[in-house]
$ cat model-v3.txt   # compact mmCIF, C-alpha atoms
# COMPACT_ATOMS: atom_id res chain seq x y z
CA MET A 1 93.04 93.86 100.53
CA LYS A 2 91.20 90.62 101.45
CA ARG A 3 92.01 89.06 98.07
CA LYS A 4 95.70 89.88 98.32
CA LEU A 5 95.92 88.24 101.73
CA GLY A 6 93.89 85.22 100.66
CA PHE A 7 96.71 83.32 99.01
CA VAL A 8 98.92 83.88 102.05
CA LEU A 9 96.14 82.53 104.24
CA ILE A 10 95.60 79.39 102.19
CA LEU A 11 99.24 78.45 102.63
CA MET A 12 99.38 79.27 106.32
CA LEU A 13 96.09 78.26 107.88
CA SER A 14 95.94 74.93 109.64
CA ALA A 15 94.27 73.38 112.62
CA SER A 16 97.24 74.47 114.68
CA ALA A 17 95.75 77.94 114.79
CA LEU A 18 93.31 76.58 117.35
CA VAL A 19 95.87 75.22 119.78
CA PHE A 20 97.86 78.31 120.69
CA ALA A 21 98.37 78.62 124.44
CA TRP A 22 95.77 80.71 126.21
CA GLY A 23 98.26 82.19 128.65
CA GLY A 24 98.99 85.79 129.50
CA SER A 25 100.89 86.99 132.52
CA LYS A 26 99.05 89.46 134.71
CA LYS A 27 102.16 89.85 136.81
CA SER A 28 104.51 90.85 133.99
CA ALA A 29 101.91 93.19 132.49
CA SER A 30 101.32 94.83 135.86
CA LYS A 31 105.03 95.49 136.38
CA SER A 32 105.42 96.97 132.91
CA LYS A 33 102.36 99.18 133.25
CA ALA A 34 103.94 100.83 136.25
CA LYS A 35 106.64 102.11 133.89
CA ASN A 36 104.13 103.89 131.66
CA ASP A 37 103.88 106.85 134.07
CA GLY A 38 100.12 106.86 133.87
CA LYS A 39 99.99 107.18 130.07
CA ILE A 40 97.72 104.82 128.18
CA VAL A 41 99.63 102.56 125.79
CA ILE A 42 97.76 100.77 123.00
CA GLY A 43 99.22 98.03 120.84
CA CYS A 44 98.29 97.21 117.25
CA ASN A 45 99.28 94.41 114.89
CA ASN A 46 100.07 95.10 111.25
CA TYR A 47 99.65 91.69 109.63
CA LEU A 48 102.26 92.41 106.96
CA LYS A 49 104.18 95.65 106.62
CA GLY A 50 104.66 96.68 103.01
CA ILE A 51 101.06 95.88 101.99
CA TYR A 52 99.53 99.16 100.84
CA SER A 53 96.20 99.00 102.66
CA LEU A 54 97.64 97.52 105.86
CA ASP A 55 100.24 100.25 106.10
CA ILE A 56 97.55 102.93 105.70
CA LEU A 57 95.61 101.30 108.54
CA GLU A 58 98.75 101.45 110.67
CA LYS A 59 99.25 105.11 109.77
CA ASN A 60 95.68 105.92 110.79
CA PHE A 61 96.16 104.05 114.08
CA VAL A 62 99.19 106.15 114.96
CA THR A 63 97.41 109.38 113.92
CA THR A 64 94.38 108.55 116.08
CA CYS A 65 96.52 107.61 119.08
CA LYS A 66 98.36 110.93 118.89
CA ALA A 67 95.10 112.87 118.57
CA LEU A 68 93.70 111.09 121.63
CA GLY A 69 96.87 111.53 123.69
CA VAL A 70 97.74 107.85 124.01
CA GLU A 71 100.94 106.03 123.14
CA PRO A 72 100.92 103.69 120.09
CA MET A 73 102.86 100.44 119.90
CA VAL A 74 102.92 98.67 116.51
CA VAL A 75 104.09 95.13 115.78
CA ASN A 76 104.63 93.40 112.43
CA ASP A 77 103.23 89.88 112.11
CA GLU A 78 105.30 89.42 108.91
CA GLY A 79 102.38 87.65 107.22
CA LYS A 80 102.59 84.67 109.59
CA ILE A 81 99.60 83.36 111.53
CA GLU A 82 101.78 82.16 114.40
CA ASN A 83 103.31 85.63 114.79
CA CYS A 84 99.86 87.11 115.42
CA ILE A 85 99.65 85.24 118.71
CA THR A 86 103.32 85.67 119.59
CA ASN A 87 103.00 89.42 119.13
CA VAL A 88 99.86 89.59 121.27
CA ASN A 89 101.82 87.83 124.03
CA ASN A 90 104.70 90.27 123.54
CA MET A 91 102.45 93.34 123.71
CA ILE A 92 100.79 92.06 126.87
CA SER A 93 104.20 91.39 128.44
CA ALA A 94 105.35 94.86 127.41
CA GLY A 95 102.53 96.34 129.48
CA VAL A 96 100.07 97.69 126.96
CA ASP A 97 96.73 98.79 128.39
CA GLY A 98 94.84 97.67 125.30
CA ILE A 99 95.23 96.04 121.89
CA VAL A 100 93.48 96.69 118.58
CA PHE A 101 93.80 93.51 116.58
CA LEU A 102 93.41 92.49 112.93
CA GLY A 103 92.28 88.86 112.87
CA ILE A 104 93.29 87.43 109.52
CA SER A 105 91.71 84.09 110.45
CA ASP A 106 88.43 83.66 112.30
CA THR A 107 90.14 81.18 114.64
CA LEU A 108 92.31 83.97 116.06
CA PHE A 109 89.56 86.17 117.53
CA PRO A 110 88.60 83.95 120.49
CA VAL A 111 92.27 83.16 121.17
CA VAL A 112 93.17 86.84 121.43
CA ALA A 113 90.04 87.57 123.47
CA ARG A 114 90.95 84.83 125.97
CA LYS A 115 94.52 86.08 126.33
CA CYS A 116 93.48 89.70 126.87
CA GLU A 117 90.80 88.76 129.40
CA ALA A 118 93.31 86.63 131.33
CA ALA A 119 95.79 89.53 131.42
CA GLY A 120 93.21 92.23 132.21
CA VAL A 121 94.01 94.04 128.95
CA GLY A 122 91.37 95.86 126.89
CA TYR A 123 90.93 94.82 123.27
CA ALA A 124 89.01 95.62 120.09
CA PHE A 125 89.04 94.24 116.54
CA TYR A 126 89.47 96.21 113.33
CA ASP A 127 88.89 95.73 109.60
CA HIS A 128 87.89 92.03 109.61
CA MET A 129 84.58 90.97 111.14
CA PRO A 130 84.51 87.80 113.27
CA SER A 131 81.92 85.17 112.45
CA ALA A 132 78.76 85.08 114.55
CA LYS A 133 80.06 81.91 116.19
CA SER A 134 83.32 83.55 117.25
CA LEU A 135 81.61 86.75 118.31
CA ALA A 136 79.31 84.84 120.64
CA MET A 137 82.39 83.70 122.59
CA PHE A 138 83.42 87.19 123.68
CA ALA A 139 80.63 89.68 122.89
CA LYS A 140 79.92 90.33 126.58
CA ASN A 141 83.46 89.98 127.92
CA PRO A 142 84.32 92.84 130.30
CA HIS A 143 87.50 93.93 128.50
CA PHE A 144 86.08 93.77 124.97
CA ALA A 145 85.54 97.30 123.57
CA GLY A 146 84.02 96.54 120.16
CA ILE A 147 84.59 96.07 116.43
CA ALA A 148 84.68 98.38 113.42
CA ALA A 149 84.79 96.60 110.06
CA THR A 150 83.41 96.70 106.54
CA SER A 151 80.54 94.82 104.84
CA ASP A 152 81.24 93.40 101.38
CA LEU A 153 77.53 93.39 100.52
CA ALA A 154 77.43 97.12 101.27
CA THR A 155 80.61 97.62 99.25
CA GLY A 156 78.92 96.29 96.10
CA LYS A 157 75.81 98.37 96.77
CA ASN A 158 77.93 101.48 97.24
CA ILE A 159 79.53 101.29 93.78
CA ALA A 160 76.16 100.38 92.22
CA ASP A 161 74.62 103.52 93.73
CA TYR A 162 77.31 105.56 91.98
CA ALA A 163 76.67 103.78 88.66
CA VAL A 164 72.96 104.55 88.89
CA LYS A 165 73.66 108.16 89.86
CA VAL A 166 75.64 108.80 86.67
CA GLY A 167 73.06 107.10 84.45
CA MET A 168 74.49 103.65 83.78
CA LYS A 169 71.91 101.03 82.74
CA LYS A 170 73.63 97.83 81.50
CA ALA A 171 76.51 96.13 83.28
CA ILE A 172 78.68 93.06 83.46
CA VAL A 173 80.62 91.95 86.55
CA VAL A 174 84.13 90.44 86.61
CA THR A 175 84.44 88.73 89.98
CA GLY A 176 86.00 85.93 92.04
CA GLU A 177 84.85 82.40 92.75
CA THR A 178 81.23 81.81 93.74
CA THR A 179 82.56 80.23 96.93
CA ASP A 180 84.60 83.32 97.83
CA THR A 181 82.43 85.15 100.37
CA THR A 182 84.17 88.48 99.73
CA HIS A 183 83.62 88.55 95.97
CA SER A 184 80.21 86.88 95.92
CA ALA A 185 78.93 89.38 98.48
CA ARG A 186 80.27 92.34 96.48
CA THR A 187 78.71 90.93 93.31
CA ASN A 188 75.36 90.31 94.96
CA GLY A 189 75.34 93.74 96.59
CA PHE A 190 76.05 95.41 93.25
CA LYS A 191 73.48 93.40 91.30
CA LYS A 192 70.70 93.86 93.82
CA ALA A 193 71.15 97.64 94.08
CA PHE A 194 71.78 98.17 90.36
CA GLU A 195 68.72 96.22 89.27
CA ALA A 196 66.50 97.67 92.01
CA ALA A 197 67.22 101.07 90.46
CA GLY A 198 66.21 99.92 86.96
CA GLY A 199 69.57 98.72 85.62
CA LYS A 200 70.37 95.23 84.35
CA VAL A 201 73.39 93.04 85.04
CA LEU A 202 73.73 91.09 81.80
CA ALA A 203 76.36 88.61 82.99
CA GLU A 204 78.74 87.78 85.82
CA GLY A 205 82.16 86.28 85.20
CA TYR A 206 83.12 84.14 88.20
CA GLY A 207 86.57 82.58 88.56
CA THR A 208 90.03 83.01 90.01
CA VAL A 209 91.21 86.50 90.83
CA THR A 210 94.51 86.36 88.96
CA ILE A 211 95.08 89.05 86.36
CA ALA A 212 95.54 86.50 83.56
CA ASP A 213 92.33 84.59 84.31
CA GLY A 214 90.42 87.79 84.98
CA MET A 215 91.52 89.18 81.61
CA ALA A 216 90.25 86.07 79.81
CA ARG A 217 86.86 86.29 81.54
CA ALA A 218 86.57 90.01 80.91
CA ASN A 219 87.42 89.50 77.25
CA ASP A 220 84.72 86.82 76.87
CA LEU A 221 82.09 88.99 78.54
CA LEU A 222 82.99 92.06 76.48
CA THR A 223 82.74 90.00 73.28
CA ALA A 224 79.32 88.70 74.28
CA HIS A 225 77.94 92.03 75.53
CA PRO A 226 79.46 94.93 73.54
CA ASP A 227 76.50 97.23 74.25
CA ILE A 228 77.07 97.54 78.01
CA ASP A 229 77.80 100.92 79.55
CA CYS A 230 79.73 99.73 82.62
CA VAL A 231 81.88 96.91 83.99
CA TYR A 232 82.24 96.27 87.72
CA ALA A 233 85.47 94.52 88.79
CA THR A 234 85.31 93.32 92.38
CA ASN A 235 88.95 93.95 93.30
CA GLY A 236 92.08 95.71 92.10
CA ASP A 237 93.66 92.82 90.18
CA LEU A 238 90.40 92.15 88.35
CA GLY A 239 90.23 95.86 87.63
CA THR A 240 93.73 95.74 86.13
CA ALA A 241 92.69 92.69 84.08
CA THR A 242 89.62 94.49 82.77
CA ILE A 243 91.64 97.56 81.80
CA GLU A 244 93.77 95.32 79.58
CA ALA A 245 90.73 93.52 78.15
CA LEU A 246 89.01 96.80 77.28
CA LYS A 247 92.05 97.81 75.22
CA LYS A 248 91.22 94.89 72.88
CA HIS A 249 87.62 96.04 72.45
CA PRO A 250 87.56 99.55 70.99
CA GLU A 251 83.94 98.94 69.97
CA VAL A 252 82.94 98.82 73.66
CA HIS A 253 82.39 102.20 75.29
CA ALA A 254 81.82 100.96 78.83
CA LYS A 255 83.02 102.74 81.97
CA LEU A 256 85.04 100.70 84.45
CA LEU A 257 84.12 100.60 88.14
CA VAL A 258 86.41 98.85 90.65
CA THR A 259 86.46 97.96 94.32
CA ASP A 260 89.95 98.68 95.74
CA LEU A 261 91.92 101.88 95.94
CA ASP A 262 95.36 100.40 95.48
CA PRO A 263 98.14 102.18 93.54
CA ASP A 264 97.32 100.61 90.15
CA ILE A 265 93.68 101.61 90.40
CA LEU A 266 94.57 105.13 91.53
CA THR A 267 96.79 105.37 88.44
CA GLY A 268 93.83 104.20 86.35
CA LEU A 269 91.62 106.81 87.94
CA LYS A 270 94.19 109.50 87.20
CA SER A 271 94.50 108.46 83.55
CA GLY A 272 90.74 108.04 83.10
CA THR A 273 90.80 104.32 82.33
CA VAL A 274 88.89 103.77 85.59
CA GLN A 275 85.70 105.81 85.98
CA ALA A 276 85.32 105.32 89.75
CA ALA A 277 86.56 103.04 92.51
CA ASN A 278 85.52 102.46 96.08
CA GLY A 279 87.36 101.57 99.23
CA ALA A 280 88.94 104.01 101.71
CA HIS A 281 87.73 101.91 104.62
CA TRP A 282 90.96 102.86 106.40
CA VAL A 283 89.00 104.82 109.02
CA ASN A 284 87.72 101.63 110.66
CA ILE A 285 90.83 101.63 112.86
CA ASP A 286 90.13 105.22 113.95
CA TYR A 287 86.80 104.10 115.40
CA THR A 288 88.17 100.90 116.93
CA THR A 289 91.00 102.76 118.64
CA ALA A 290 88.64 105.42 119.97
CA MET A 291 86.23 102.79 121.35
CA LEU A 292 89.10 101.13 123.16
CA VAL A 293 90.29 104.45 124.62
CA CYS A 294 86.74 105.13 125.84
CA GLN A 295 86.65 101.81 127.64
CA LEU A 296 90.05 102.36 129.22
CA LYS A 297 88.91 105.78 130.44
CA GLY A 298 85.64 104.43 131.80
CA TYR A 299 83.30 105.92 129.18
CA ASN A 300 80.60 103.31 128.65
CA LEU A 301 79.65 102.66 125.02
CA LYS A 302 78.17 99.21 125.61
CA LYS A 303 74.54 98.30 125.04
CA PRO A 304 72.17 97.72 127.98
CA ASP A 305 72.66 93.96 127.60
CA GLY A 306 76.41 94.39 128.08
CA THR A 307 77.48 93.71 124.51
CA ALA A 308 80.12 95.91 122.93
CA PRO A 309 79.42 98.02 119.80
CA ILE A 310 79.74 96.45 116.35
CA LEU A 311 80.16 99.14 113.70
CA ILE A 312 79.90 98.66 109.94
CA VAL A 313 82.24 101.14 108.26
CA PRO A 314 81.11 102.24 104.79
CA VAL A 315 83.43 102.25 101.85
CA MET A 316 83.69 105.48 99.90
CA THR A 317 83.27 105.85 96.15
CA LEU A 318 86.02 107.86 94.50
CA PRO A 319 85.20 109.33 91.06
CA ASN A 320 88.29 109.86 88.91
CA SER A 321 87.93 113.65 89.12
CA TYR A 322 88.67 113.43 92.87
CA VAL A 323 91.89 111.44 92.74
CA ASP A 324 94.26 114.33 93.49
CA LEU A 325 92.23 115.44 96.50
CA TYR A 326 92.04 111.84 97.69
CA ASN A 327 95.82 111.43 97.51
CA GLN A 328 96.27 114.68 99.39
CA GLU A 329 93.67 114.22 102.11
CA TRP A 330 93.39 110.44 102.58
CA ILE A 331 96.85 109.11 101.75
CA GLU A 332 99.17 111.97 102.71
CA ASN A 333 96.92 113.16 105.55
CA SER A 334 94.02 111.85 107.63
CA PRO A 335 90.43 112.31 106.41
CA TYR A 336 89.49 113.30 109.97
CA SER A 337 90.81 116.30 111.87
CA ASP A 338 92.21 115.93 115.39
CA ALA A 339 89.06 117.61 116.72
CA GLN A 340 86.83 115.05 114.98
CA LEU A 341 88.91 112.16 116.35
CA GLN A 342 88.89 113.66 119.84
CA SER A 343 85.09 113.90 119.71
CA LEU A 344 85.03 110.09 119.66
CA ALA A 345 86.72 109.73 123.05
CA LYS A 346 85.47 112.44 125.38
CA PRO A 347 83.27 112.27 128.49
CA GLY A 348 79.61 111.78 127.63
CA VAL A 349 80.21 110.46 124.12
CA THR A 350 77.64 107.98 122.84
CA ILE A 351 77.70 105.34 120.16
CA ALA A 352 75.09 107.43 118.34
CA HIS A 353 77.82 110.02 117.71
CA TYR A 354 80.00 107.31 116.15
CA GLN A 355 77.14 106.23 113.92
CA GLU A 356 76.43 109.80 112.86
CA MET A 357 80.05 110.24 111.76
CA LEU A 358 79.93 106.94 109.87
CA ASP A 359 76.66 107.90 108.18
CA ASN A 360 78.33 111.07 106.93
CA TYR A 361 81.51 109.39 105.74
CA ASN A 362 81.75 110.12 102.04
CA ILE A 363 84.10 112.03 99.78
CA ASP A 364 82.08 115.25 99.59
CA ASN A 365 81.23 115.51 103.27
CA CYS A 366 84.84 114.97 104.33
CA LEU A 367 86.11 117.50 101.82
CA LYS A 368 83.51 120.08 102.86
CA GLU A 369 84.87 119.83 106.40
CA LYS A 370 88.35 120.47 105.05
CA VAL A 371 87.13 123.44 102.99
CA ALA A 372 85.56 124.91 106.13
CA ALA A 373 88.84 124.38 108.00
CA GLY A 374 90.85 126.06 105.24
CA ARG A 375 92.67 122.86 104.29
CA VAL A 376 91.15 122.53 100.81
CA PRO A 377 90.22 125.43 98.45
CA GLN A 378 86.54 125.56 97.50
CA ALA A 379 87.57 125.85 93.86
CA ALA A 380 89.35 122.48 94.05
CA LEU A 381 86.23 120.78 95.38
CA ASP A 382 84.04 122.51 92.78
CA LYS A 383 86.32 121.26 90.00
CA ALA A 384 86.22 117.69 91.32
CA GLN A 385 82.42 117.74 91.60
CA ALA A 386 82.04 119.13 88.08
CA GLY A 387 84.09 116.24 86.66
CA VAL A 388 81.90 113.42 88.04
CA GLY A 389 80.73 111.05 85.32
CA LYS A 390 82.85 112.60 82.57
$ encode --input "model-v3.txt" --output "structure tokens"
Amino acid sequence: MKRKLGFVLILMLSASALVFAWGGSKKSASKSKAKNDGKIVIGCNNYLKGIYSLDILEKNFVTTCKALGVEPMVVNDEGKIENCITNVNNMISAGVDGIVFLGISDTLFPVVARKCEAAGVGYAFYDHMPSAKSLAMFAKNPHFAGIAATSDLATGKNIADYAVKVGMKKAIVVTGETTDTTHSARTNGFKKAFEAAGGKVLAEGYGTVTIADGMARANDLLTAHPDIDCVYATNGDLGTATIEALKKHPEVHAKLLVTDLDPDILTGLKSGTVQAANGAHWVNIDYTTAMLVCQLKGYNLKKPDGTAPILIVPVMTLPNSYVDLYNQEWIENSPYSDAQLQSLAKPGVTIAHYQEMLDNYNIDNCLKEKVAAGRVPQAALDKAQAGVGK
């Protein structure tokens, strides 16, 4: 997702992002809240409707709100930085009690924090992690509920752990620019974990993340290293590029691993051209929304020093034998049951419970819960597990 939004960002970001007004009308928000009849209303920005991963995040937000008995309000920023701030103003004026916000630029986090504090509105951030500098500006603010986001270093490690598990020993990596913090972190996470387990990354192909350029790099690496047993592509477009490059190298019998669970990669998983892919970080918004509801209900999740929780949400590795169950239980439905979501926002809940759920977030654990609930047949899970690595 980050790569796909990157080009939009480059065109839109400017110093003007720093000079948005800090306003926020307590009076208008107060009047609107009186119309909510005591029901909590939470707003959420979708940076650009129609983007696969962003729309899944929105879907999960609505599902979590319904499970927790609060009212969702969703706005569409239409891929425009300026609309992010306009929509925050609009949600505050409409009387929301809290906002979960996707900050596509680091400059936006302190702006949104300042507006929400001025209006007395709770807020939390999802999916994108603010920089340490930005975080220091609002970490102890009274209305700040917390953050749930992913770590790209952990994303690379996660797919490397799978590669090691199925016996892969020699790899190449097709990745983005060395200056791209998303792709360099994924590459470094993969290499460190893979080599710590006895594998060897023979080469890394850095460059632009276009399919055409990625295909050229993948082709060069495959020519130079035909004896590899796996290729790691650090996003969906580079995965698509590597699929095409592999077609030109029938002498190479490498398995393809990809970060991103977008439609093209899911198709590759289904056909077998992709061995495994990771992603499914969509649940970060479940945790962010629940933390915000806890704050609004007076359940304290903050640390003794007054700072709000910062949660790292793991990505999940999806072997190709699981793709049908993934479509059924992650795309068409929610990976968490209503009862699991409700456990995140009840009296007495602790952040340790959140961490326990995150620690157990993987494909098998989630599906075992669904087997126990009668949602998934045990035979379907057994078949998926038997197909791993084949």
$ atom_distance --input "model-v3.txt" --atom1 "CA of Ala149 in chain A" --atom2 "CA of Lys59 in chain A"
16.8 Å
$ residues_around --input "model-v3.txt" --residues "range 278-280 of chain A" --least-positions-apart "4" --cutoff "8 Å" --atoms "only C-alpha atoms" --output "compact mmCIF listing (two decimals) with C-alpha atoms, keeping the file's coordinate frame"
# COMPACT_ATOMS: atom_id res chain seq x y z
CA THR A 155 80.61 97.62 99.25
CA ASN A 158 77.93 101.48 97.24
CA ILE A 159 79.53 101.29 93.78
CA VAL A 258 86.41 98.85 90.65
CA THR A 259 86.46 97.96 94.32
CA ASP A 260 89.95 98.68 95.74
CA LEU A 261 91.92 101.88 95.94
CA VAL A 315 83.43 102.25 101.85
CA MET A 316 83.69 105.48 99.90
CA THR A 317 83.27 105.85 96.15
CA LEU A 318 86.02 107.86 94.50
CA TRP A 330 93.39 110.44 102.58
$ atom_distance --input "model-v3.txt" --atom1 "CA of Val313 in chain A" --atom2 "CA of Ile104 in chain A"
17.7 Å
$ closest_residue --input "model-v3.txt" --among "A:Ser184, A:Thr64, A:Gln328, A:Ser343" --to "Asp152 in chain A" --atoms "only C-alpha atoms"
A:Ser184
$ closest_residue --input "model-v3.txt" --among "A:Phe138, A:Tyr361, A:Phe109, A:Phe190" --to "Trp282 in chain A" --atoms "all atoms listed in the file"
A:Tyr361
$ atom_distance --input "model-v3.txt" --atom1 "CA of Ala218 in chain A" --atom2 "CA of Lys200 in chain A"
17.4 Å
$ closest_residue --input "model-v3.txt" --among "A:Leu257, A:Leu102, A:Ile310, A:Leu367" --to "Tyr232 in chain A" --atoms "all atoms listed in the file"
A:Leu257
$ closest_residue --input "model-v3.txt" --among "A:His143, A:Gly189, A:Thr182, A:Gly199" --to "Asn300 in chain A" --atoms "all atoms listed in the file"
A:His143
$ closest_residue --input "model-v3.txt" --among "A:Ala113, A:Leu57, A:Val388, A:Val62" --to "Gly43 in chain A" --atoms "all atoms listed in the file"
A:Val62
$ closest_residue --input "model-v3.txt" --among "A:Ala118, A:Thr350, A:Asp161, A:Glu177" --to "Leu301 in chain A" --atoms "only C-alpha atoms"
A:Thr350
$ residues_near_point --input "model-v3.txt" --point "(81.9, 101.3, 115.9)" --cutoff "9 Å" --atoms "all atoms listed in the file" --output "PyMOL selection string"
chain A and resi 146-149+284+287-288+290-291+309-313+351+354-355+358
$ residues_near_point --input "model-v3.txt" --point "(92.4, 98.1, 86.7)" --cutoff "8 Å" --atoms "only C-alpha atoms" --output "list in words"
Gly236, Asp237, Leu238, Gly239, Thr240, Ala241, Thr242, Ile243, Glu244, Val258, Asp264, Ile265, Gly268, Thr273 and Val274 of chain A
$ residues_around --input "model-v3.txt" --residues "Gly207 in chain A" --least-positions-apart "5" --cutoff "10 Å" --atoms "all atoms listed in the file" --output "compact mmCIF listing (two decimals) with C-alpha atoms, in the frame of the given file"
# COMPACT_ATOMS: atom_id res chain seq x y z
CA VAL A 174 84.13 90.44 86.61
CA THR A 175 84.44 88.73 89.98
CA GLY A 176 86.00 85.93 92.04
CA GLU A 177 84.85 82.40 92.75
CA THR A 178 81.23 81.81 93.74
CA THR A 179 82.56 80.23 96.93
CA ASP A 180 84.60 83.32 97.83
CA HIS A 183 83.62 88.55 95.97
CA ASP A 213 92.33 84.59 84.31
CA GLY A 214 90.42 87.79 84.98
CA ARG A 217 86.86 86.29 81.54
$ residues_around --input "model-v3.txt" --residues "range 98-101 of chain A" --least-positions-apart "6" --cutoff "10 Å" --atoms "all atoms listed in the file" --output "MDAnalysis selection string"
chainID A and resid 40:47 61 72:74 84 88 91:92 108:109 112:113 116 120:128 143:147 285 288:289 291:293 295:296
$ build_atoms --input "model-v3.txt" --residues "range 114-127 of chain A" --atoms "N, CA and C atoms" --output "PDB file, in the coordinates of the input"
ATOM      1  N   ARG A 114      90.637  85.584 124.748  1.00  0.00           N
ATOM      2  CA  ARG A 114      90.950  84.830 125.970  1.00  0.00           C
ATOM      3  C   ARG A 114      92.242  85.331 126.606  1.00  0.00           C
ATOM      4  N   LYS A 115      93.245  85.599 125.800  1.00  0.00           N
ATOM      5  CA  LYS A 115      94.520  86.080 126.330  1.00  0.00           C
ATOM      6  C   LYS A 115      94.370  87.449 126.983  1.00  0.00           C
ATOM      7  N   CYS A 116      93.647  88.347 126.326  1.00  0.00           N
ATOM      8  CA  CYS A 116      93.480  89.700 126.870  1.00  0.00           C
ATOM      9  C   CYS A 116      92.658  89.676 128.150  1.00  0.00           C
ATOM     10  N   GLU A 117      91.608  88.860 128.184  1.00  0.00           N
ATOM     11  CA  GLU A 117      90.800  88.760 129.400  1.00  0.00           C
ATOM     12  C   GLU A 117      91.649  88.230 130.558  1.00  0.00           C
ATOM     13  N   ALA A 118      92.475  87.218 130.277  1.00  0.00           N
ATOM     14  CA  ALA A 118      93.310  86.630 131.330  1.00  0.00           C
ATOM     15  C   ALA A 118      94.308  87.639 131.880  1.00  0.00           C
ATOM     16  N   ALA A 119      94.780  88.549 131.011  1.00  0.00           N
ATOM     17  CA  ALA A 119      95.790  89.530 131.420  1.00  0.00           C
ATOM     18  C   ALA A 119      95.169  90.846 131.908  1.00  0.00           C
ATOM     19  N   GLY A 120      93.848  90.971 131.809  1.00  0.00           N
ATOM     20  CA  GLY A 120      93.210  92.230 132.210  1.00  0.00           C
ATOM     21  C   GLY A 120      93.504  93.369 131.252  1.00  0.00           C
ATOM     22  N   VAL A 121      93.680  93.045 129.978  1.00  0.00           N
ATOM     23  CA  VAL A 121      94.010  94.040 128.950  1.00  0.00           C
ATOM     24  C   VAL A 121      92.797  94.276 128.056  1.00  0.00           C
ATOM     25  N   GLY A 122      92.481  95.536 127.790  1.00  0.00           N
ATOM     26  CA  GLY A 122      91.370  95.860 126.890  1.00  0.00           C
ATOM     27  C   GLY A 122      91.706  95.462 125.462  1.00  0.00           C
ATOM     28  N   TYR A 123      90.671  95.203 124.653  1.00  0.00           N
ATOM     29  CA  TYR A 123      90.930  94.820 123.270  1.00  0.00           C
ATOM     30  C   TYR A 123      89.727  95.159 122.390  1.00  0.00           C
ATOM     31  N   ALA A 124      90.021  95.359 121.110  1.00  0.00           N
ATOM     32  CA  ALA A 124      89.010  95.620 120.090  1.00  0.00           C
ATOM     33  C   ALA A 124      89.547  95.067 118.777  1.00  0.00           C
ATOM     34  N   PHE A 125      88.650  94.809 117.823  1.00  0.00           N
ATOM     35  CA  PHE A 125      89.040  94.240 116.540  1.00  0.00           C
ATOM     36  C   PHE A 125      88.741  95.217 115.416  1.00  0.00           C
ATOM     37  N   TYR A 126      89.648  95.278 114.435  1.00  0.00           N
ATOM     38  CA  TYR A 126      89.470  96.210 113.330  1.00  0.00           C
ATOM     39  C   TYR A 126      89.535  95.516 111.976  1.00  0.00           C
ATOM     40  N   ASP A 127      88.830  96.076 111.013  1.00  0.00           N
ATOM     41  CA  ASP A 127      88.890  95.730 109.600  1.00  0.00           C
ATOM     42  C   ASP A 127      88.220  94.411 109.230  1.00  0.00           C
TER      43      ASP A 127
END
